[in-house]
Structure formats: structure tokens, C-alpha cells
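Text of run_13.tsv (TSV, C-alpha atoms) as supplied:
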chain	number	residue	atom	x	y	z
A	5	ILE	CA	-48.25	140.27	-44.23
A	6	PHE	CA	-47.62	136.73	-45.45
A	7	PHE	CA	-49.64	135.26	-48.32
A	8	ASN	CA	-50.28	131.55	-48.77
A	9	MET	CA	-49.01	131.11	-52.31
A	10	GLU	CA	-50.99	127.86	-52.72
A	11	ASP	CA	-54.36	129.38	-51.83
A	12	PRO	CA	-56.71	130.06	-54.80
A	13	ILE	CA	-57.25	133.70	-53.73
A	14	ALA	CA	-54.07	134.70	-51.85
A	15	GLY	CA	-52.04	132.82	-54.45
A	16	ASP	CA	-53.38	135.04	-57.24
A	17	PRO	CA	-50.65	137.63	-58.06
A	18	ASN	CA	-53.24	140.26	-59.00
A	19	PHE	CA	-54.93	139.85	-55.62
A	20	ARG	CA	-51.59	140.25	-53.85
A	21	LYS	CA	-50.75	143.33	-55.91
A	22	ALA	CA	-54.15	144.78	-54.98
A	23	VAL	CA	-53.29	144.33	-51.30
A	24	PHE	CA	-49.81	145.81	-51.82
A	25	SER	CA	-51.37	148.87	-53.50
A	26	THR	CA	-53.90	149.36	-50.70
A	27	VAL	CA	-51.98	148.97	-47.44
A	28	ASP	CA	-50.72	152.21	-45.89
A	29	ARG	CA	-47.52	151.13	-44.13
A	30	GLU	CA	-46.79	154.47	-42.48
A	31	ALA	CA	-50.29	154.73	-41.00
A	32	ILE	CA	-49.97	151.25	-39.51
A	33	ALA	CA	-46.54	151.94	-38.00
A	34	LYS	CA	-47.70	155.21	-36.43
A	35	MET	CA	-50.72	153.57	-34.84
A	36	VAL	CA	-49.13	150.45	-33.36
A	37	GLU	CA	-45.49	151.29	-32.58
A	38	TYR	CA	-43.75	153.80	-30.34
A	39	ASP	CA	-40.93	153.98	-32.85
A	40	ALA	CA	-40.40	152.13	-36.11
A	41	ILE	CA	-38.66	152.19	-39.48
A	42	VAL	CA	-41.27	152.01	-42.25
A	43	GLU	CA	-40.27	149.86	-45.23
A	44	ASP	CA	-39.56	152.05	-48.24
A	45	THR	CA	-38.29	149.44	-50.71
A	46	GLY	CA	-39.86	146.45	-52.40
A	47	THR	CA	-37.58	143.81	-50.90
A	48	PHE	CA	-38.46	140.97	-48.55
A	49	TRP	CA	-35.40	141.13	-46.29
A	50	GLY	CA	-34.47	142.02	-42.73
A	51	HIS	CA	-33.63	145.68	-42.17
A	52	ASP	CA	-30.13	144.78	-40.95
A	53	THR	CA	-29.77	141.46	-42.78
A	54	THR	CA	-26.54	141.26	-44.79
A	55	TYR	CA	-26.69	142.00	-48.53
A	56	ARG	CA	-30.00	143.86	-48.35
A	57	ASN	CA	-31.00	145.11	-51.81
A	58	ASN	CA	-32.27	148.68	-51.42
A	59	ASP	CA	-32.64	149.23	-55.17
A	60	ILE	CA	-35.91	147.31	-55.50
A	61	PRO	CA	-38.77	149.80	-55.98
A	62	ILE	CA	-41.73	149.67	-53.62
A	63	ILE	CA	-45.32	149.32	-54.83
A	64	PRO	CA	-46.88	152.61	-53.64
A	65	ARG	CA	-50.32	153.02	-52.10
A	66	ASP	CA	-52.63	153.67	-55.04
A	67	LEU	CA	-56.29	152.77	-54.52
A	68	ASP	CA	-57.22	153.19	-58.17
A	69	LYS	CA	-54.46	150.80	-59.19
A	70	ALA	CA	-55.50	148.43	-56.40
A	71	LYS	CA	-59.04	148.28	-57.79
A	72	GLU	CA	-57.65	147.50	-61.25
A	73	TYR	CA	-55.56	144.63	-59.89
A	74	LEU	CA	-58.54	143.34	-57.91
A	75	ALA	CA	-60.80	143.41	-60.97
A	76	ALA	CA	-58.20	141.37	-62.86
A	77	SER	CA	-57.93	138.82	-60.03
A	78	SER	CA	-60.02	135.76	-59.17
A	79	TYR	CA	-61.43	137.50	-56.09
A	80	ASN	CA	-65.24	137.79	-56.05
A	81	GLY	CA	-66.02	139.31	-52.67
A	82	GLU	CA	-65.30	136.21	-50.59
A	83	GLU	CA	-64.26	136.51	-46.95
A	84	VAL	CA	-60.48	136.22	-46.77
A	85	SER	CA	-58.82	135.13	-43.52
A	86	LEU	CA	-56.08	137.20	-41.89
A	87	VAL	CA	-54.43	135.29	-39.04
A	88	ALA	CA	-52.76	137.01	-36.08
A	89	ALA	CA	-51.47	135.92	-32.66
A	90	THR	CA	-49.94	138.65	-30.48
A	91	ALA	CA	-51.67	141.86	-29.43
A	92	THR	CA	-49.54	143.92	-31.84
A	93	GLN	CA	-50.31	141.55	-34.70
A	94	VAL	CA	-54.03	141.82	-33.98
A	95	ASP	CA	-53.78	145.63	-33.92
A	96	ILE	CA	-52.09	145.53	-37.32
A	97	ALA	CA	-54.70	143.09	-38.62
A	98	ASN	CA	-57.53	145.40	-37.55
A	99	ILE	CA	-56.00	148.34	-39.42
A	100	VAL	CA	-55.31	146.24	-42.52
A	101	GLN	CA	-58.90	145.00	-42.41
A	102	GLU	CA	-60.18	148.59	-42.51
A	103	GLN	CA	-57.75	149.61	-45.26
A	104	LEU	CA	-58.63	146.65	-47.51
A	105	ARG	CA	-62.31	147.39	-47.07
A	106	GLU	CA	-61.65	150.65	-49.00
A	107	VAL	CA	-61.15	148.67	-52.21
A	108	GLY	CA	-63.75	145.99	-51.54
A	109	ILE	CA	-61.68	143.20	-49.98
A	110	ASN	CA	-63.62	141.48	-47.20
A	111	VAL	CA	-61.27	140.33	-44.41
A	112	LYS	CA	-62.02	138.07	-41.45
A	113	ILE	CA	-59.47	138.25	-38.61
A	114	GLU	CA	-58.63	134.95	-36.95
A	115	GLN	CA	-56.73	135.25	-33.65
A	116	MET	CA	-54.94	132.19	-32.30
A	117	GLU	CA	-51.96	131.28	-30.13
A	118	MET	CA	-48.54	131.64	-31.76
A	119	VAL	CA	-47.84	127.89	-31.85
A	120	ALA	CA	-51.24	127.25	-33.41
A	121	MET	CA	-50.65	129.99	-35.98
A	122	ASN	CA	-47.24	128.59	-36.93
A	123	ASN	CA	-48.83	125.18	-37.49
A	124	TYR	CA	-51.76	126.75	-39.34
A	125	MET	CA	-49.38	128.53	-41.72
A	126	ALA	CA	-46.82	125.72	-41.94
A	127	TYR	CA	-45.29	124.80	-45.30
A	128	GLY	CA	-47.56	122.37	-47.14
A	129	SER	CA	-50.64	123.57	-45.29
A	130	SER	CA	-53.49	125.07	-47.28
A	131	GLN	CA	-55.43	126.31	-44.23
A	132	GLY	CA	-54.30	129.93	-43.95
A	133	GLN	CA	-54.71	132.64	-46.57
A	134	MET	CA	-52.94	135.66	-45.09
A	135	ALA	CA	-51.15	136.22	-41.77
A	136	VAL	CA	-49.50	139.04	-39.85
A	137	MET	CA	-46.04	137.70	-38.99
A	138	MET	CA	-42.96	139.12	-37.28
A	139	GLY	CA	-39.26	138.43	-36.92
A	140	GLN	CA	-38.32	136.09	-39.76
A	141	MET	CA	-34.74	137.04	-40.62
A	142	SER	CA	-31.58	137.48	-38.55
A	143	PRO	CA	-28.61	139.71	-39.51
A	144	LEU	CA	-27.22	136.73	-41.45
A	145	ALA	CA	-28.18	136.50	-45.12
A	146	ASN	CA	-28.36	132.70	-44.80
A	147	SER	CA	-31.50	133.14	-42.66
A	148	SER	CA	-33.36	133.88	-45.90
A	149	TYR	CA	-33.01	130.17	-46.71
A	150	ASP	CA	-35.28	129.31	-43.78
A	151	SER	CA	-37.95	131.74	-45.02
A	152	LEU	CA	-37.88	130.95	-48.75
A	153	TYR	CA	-36.71	127.38	-49.33
A	154	PRO	CA	-39.39	124.66	-49.71
A	155	GLU	CA	-40.29	122.93	-46.40
A	156	ALA	CA	-37.94	125.20	-44.41
A	157	GLY	CA	-39.09	126.08	-40.89
A	158	ASN	CA	-40.04	129.71	-41.47
A	159	ASN	CA	-41.47	129.25	-44.96
A	160	LYS	CA	-45.02	130.15	-43.94
A	161	ILE	CA	-46.03	131.17	-47.47
A	162	ASN	CA	-45.65	127.89	-49.37
A	163	TYR	CA	-43.04	129.65	-51.49
A	164	ASN	CA	-41.30	127.47	-54.05
A	165	ASN	CA	-39.47	129.13	-56.93
A	166	PRO	CA	-36.92	126.80	-58.62
A	167	GLU	CA	-34.71	129.73	-59.65
A	168	VAL	CA	-34.63	131.06	-56.09
A	169	ASN	CA	-34.05	127.54	-54.70
A	170	GLU	CA	-30.96	127.08	-56.87
A	171	LEU	CA	-29.57	130.48	-55.92
A	172	LEU	CA	-30.20	129.83	-52.21
A	173	GLU	CA	-28.35	126.52	-52.40
A	174	LYS	CA	-25.35	128.19	-54.02
A	175	ALA	CA	-25.38	131.42	-52.00
A	176	THR	CA	-25.60	129.73	-48.60
A	177	THR	CA	-22.55	127.56	-49.33
A	178	SER	CA	-20.36	129.95	-51.33
A	179	ILE	CA	-17.23	131.32	-49.66
A	180	ASP	CA	-16.77	134.01	-52.33
A	181	GLU	CA	-17.97	137.25	-50.68
A	182	ALA	CA	-18.72	139.12	-53.92
A	183	GLU	CA	-20.52	136.13	-55.42
A	184	ARG	CA	-22.60	135.66	-52.26
A	185	GLU	CA	-23.69	139.30	-52.34
A	186	ARG	CA	-24.60	139.10	-56.04
A	187	MET	CA	-26.69	135.97	-55.55
A	188	PHE	CA	-28.50	137.17	-52.43
A	189	LYS	CA	-29.38	140.45	-54.10
A	190	GLU	CA	-30.61	138.59	-57.18
A	191	ILE	CA	-32.76	136.41	-54.92
A	192	GLN	CA	-34.43	139.54	-53.57
A	193	GLU	CA	-35.11	140.82	-57.08
A	194	ILE	CA	-36.79	137.57	-58.11
A	195	VAL	CA	-38.84	137.27	-54.90
A	196	ALA	CA	-40.02	140.89	-55.24
A	197	LYS	CA	-41.62	140.01	-58.59
A	198	ASP	CA	-43.62	137.20	-56.92
A	199	TYR	CA	-45.10	139.46	-54.17
A	200	PRO	CA	-45.21	136.72	-51.48
A	201	VAL	CA	-44.75	139.02	-48.46
A	202	LEU	CA	-45.78	142.62	-47.83
A	203	MET	CA	-43.20	144.22	-45.55
A	204	ILE	CA	-44.67	146.98	-43.36
A	205	TYR	CA	-42.12	148.21	-40.82
A	206	TYR	CA	-39.17	147.28	-38.62
A	207	ARG	CA	-39.44	147.66	-34.87
A	208	LEU	CA	-36.73	149.61	-33.08
A	209	ASN	CA	-35.88	147.92	-29.78
A	210	PRO	CA	-34.27	150.41	-27.36
A	211	VAL	CA	-31.78	149.29	-24.73
A	212	VAL	CA	-32.12	151.24	-21.48
A	213	LEU	CA	-29.12	151.43	-19.13
A	214	VAL	CA	-28.58	152.90	-15.67
A	215	GLN	CA	-26.49	156.08	-15.87
A	216	GLY	CA	-22.80	155.27	-15.49
A	217	PHE	CA	-23.17	151.70	-16.67
A	218	GLY	CA	-20.37	150.65	-19.01
A	219	GLY	CA	-17.94	147.97	-20.08
A	220	ILE	CA	-20.03	146.49	-22.90
A	221	THR	CA	-20.76	147.40	-26.51
Structure encoded using C-alpha cells:
Amino acid sequence: IFFNMEDPIAGDPNFRKAVFSTVDREAIAKMVEYDAIVEDTGTFWGHDTTYRNNDIPIIPRDLDKAKEYLAASSYNGEEVSLVAATATQVDIANIVQEQLREVGINVKIEQMEMVAMNNYMAYGSSQGQMAVMMGQMSPLANSSYDSLYPEAGNNKINYNNPEVNELLEKATTSIDEAERERMFKEIQEIVAKDYPVLMIYYRLNPVVLVQGFGGIT
């Protein structure tokens, strides 16, 4: 779930923490996927993206804590938009809508075509509030630049943290392996404290082959 960091409601860290503390990742994965890996850390990173930091603690589902965060936020019962495009995204959005209702967050689901959603949530746009998104990072750590750097193509959250920007600039150009790993892991630690994206699960994509087929890895 992506949050528009420039929106008055979704940009409120206490509101985001309320959502983080409400969403039941495992329940969502079981209901919408044949097989999936549920996120069990607090990082915003691809499951197989290089330099993944697995030491960042996850915010657990805790409805009492969620209500505390919500009370401390600027949210006053307004209808909050949750944008989705594909059938799977809409299924997830419906479940999230029901889960957030448990703590008093009123969600309106807006379904649109993928291209329209990407434009709606584009960097610099203040239209969207939250969105169900998929597939942002490749196995390469440098792909995080496209998701986190200001005005980058996949930065659908209006994320702009000067400390992260500087680290991304250095990490994506460094040829020192140890230094790259240190910086990319530090980036994940900083981003986790901003709560811009709630990771739910990673889809497992099976490859089916005819018996006896071979010659490739």
C-alpha cells in the first residue's frame, strides 16, 4: 500500500502508523494468492533485491495501538481514497477497506486502468491518497532509486528525504561492494522510519515445464 506523502491525511505519520498497525498481511495473502511470501520485516525492498535489510522490525497488527495512532493523527472520519487497477489489487483493496473499518478509518475504493492510476499517483501529483501497487523493485539494488528518488518514474508516494537522496546518489554510483551494501541497508532503515509504503506479500511465480524438458537454468 503506497501513501501519498504530500496528502494532508495520508502524509500524517500517525495516520500511516495506524494503517500499519491495522492491516493483517497474512489474511490478505491467504485470500488473494495461491501461494505467497508474507512480509515479516519492516523494510520497503524487493524480496530478492540485493542488499535487503532483514533486521528492520515489522510493525505488528495491534488494533489498540492503531486506535492510539489514529487519535493522535489529523484524521477526523473523512473518506480516504484507496486506488487500485487490476483484479488482484481490487481484491486486496476490498480486504484492506474492511480491516481499516475496524479502527474507524473510512475508505473509498477507486478502480481505474493501470495507466490512469500511474498518472494519478505520479510524483508531484496530489490527487491520490493511498494505492495498492505491485512490482516496484527488480533484483538490482539500484532499482530502489526509481522508487525513492524525487521525480523518479516509480516514485508514486511523493517521497523526498534529503538524507536518503544523498545516500541513493552515492550508493548507485559506488563500485565498492561493502560500501554499497552499507548505504543501501542504511537507506532501508531511514525509509522504514518514514512509513511511506506498507509491504504486504511477495507473489511466487511458478514455472511449469513439460516432463523431460531441459537445457536451461
Legend entry - Selected residue, from A:Ala31, A:Ile41, A:Ala75, A:Leu67, that lies nearest to A:Asp16 when counting only C-alpha atoms: A:Ala75
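Take the candidates A:Asp68, A:Glu82, A:Glu190, A:Glu185 and check each one against A:Ala145 using only C-alpha atoms; the shortest distance goes to A:Glu185.
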Inset, instruction - Please provide as a PyMOL selection string all residues within 8 Å of A:Asn57, with the sequence filter that same-chain residues fewer than 2 positions apart are discarded (counting all atoms listed in the file). - result: chain A and resi 47+55+59-60+189+192-193
Inset, instruction - Return the single residue from A:Asn165, A:Ser85, A:Asn209, A:Thr92 that is closest to A:Met138, with distances computed using only C-alpha atoms. - result: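 Looking at the shortest contact to A:Met138, the residue is A:Thr92.
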Enclose all atoms of stretch 15-32 of chain A listed in the file in an axis-aligned box, grow every side by 6 Å, and hand back centre and edge lengths in Å to one decimal, as JSON.
{"center_x": -50.9, "center_y": 143.8, "center_z": -49.3, "size_x": 20.1, "size_y": 33.9, "size_z": 31.5}
Inset, instruction - Could you jot down the atom CA of A:Ser178 to atom CA of A:Lys160 separation for me, Å, one decimal place? - result: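 Spanning atom CA of A:Ser178 to atom CA of A:Lys160 is a straight-line distance of 25.7 Å.
Rounded to one decimal, atom CA of A:Asn110 and atom CA of A:Ser151 lie 27.5 Å from each other.
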Legend entry - Distance in Å - atom CA of A:Ala196 versus atom CA of A:Gln115: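 Here the two named atoms are 27.9 Å from each other.
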Legend entry - Of the listed residues A:Gly50, A:Pro154, A:Gly128, A:Pro12, that which approaches A:Ser142 most closely, counting only C-alpha atoms: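 For A:Ser142, the nearest of the given residues is A:Gly50.
Of the residues listed (A:Gln101, A:Glu170, A:Glu83, A:Asp150), A:Gln101 shows the shortest atom-to-atom separation from A:Val27; distances use all atoms listed in the file.
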Legend entry - From A:Ile5, A:Val23, A:Met203, A:Ile191, residue lying nearest A:Ser77 [all atoms listed in the file]: A:Val23
Legend entry - Selection as a PyMOL selection string: residues within 12 Å of (-50.0, 149.2, -35.1), counting only C-alpha atoms: chain A and resi 28-40+42+90-100+136+204-207
Inset, instruction - Would you mind listing what lies within 12 Å of A:Thr177 as a list in words, with only C-alpha atoms counted and same-chain residues fewer than 6 positions away left out? - result: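 The residues that qualify are Ala145, Asn146, Tyr149, Glu170, Leu171, Glu183, Arg184, Met187 and Phe188 of chain A.
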Inset, instruction - List every protein, DNA or RNA residue with an atom no more than 10 Å from (-44.3, 136.1, -58.6) in the file's coordinates, counting only C-alpha atoms, and format the result as number ranges by chain. - result: A: 9, 15-18, 20, 163, 165, 194-200
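Taking only C-alpha atoms, the non-local environment of A:Tyr73 within 7 Å (same-chain residues fewer than 6 positions away omitted) comprises A:Asn18, A:Phe19, A:Lys21, A:Ala22.
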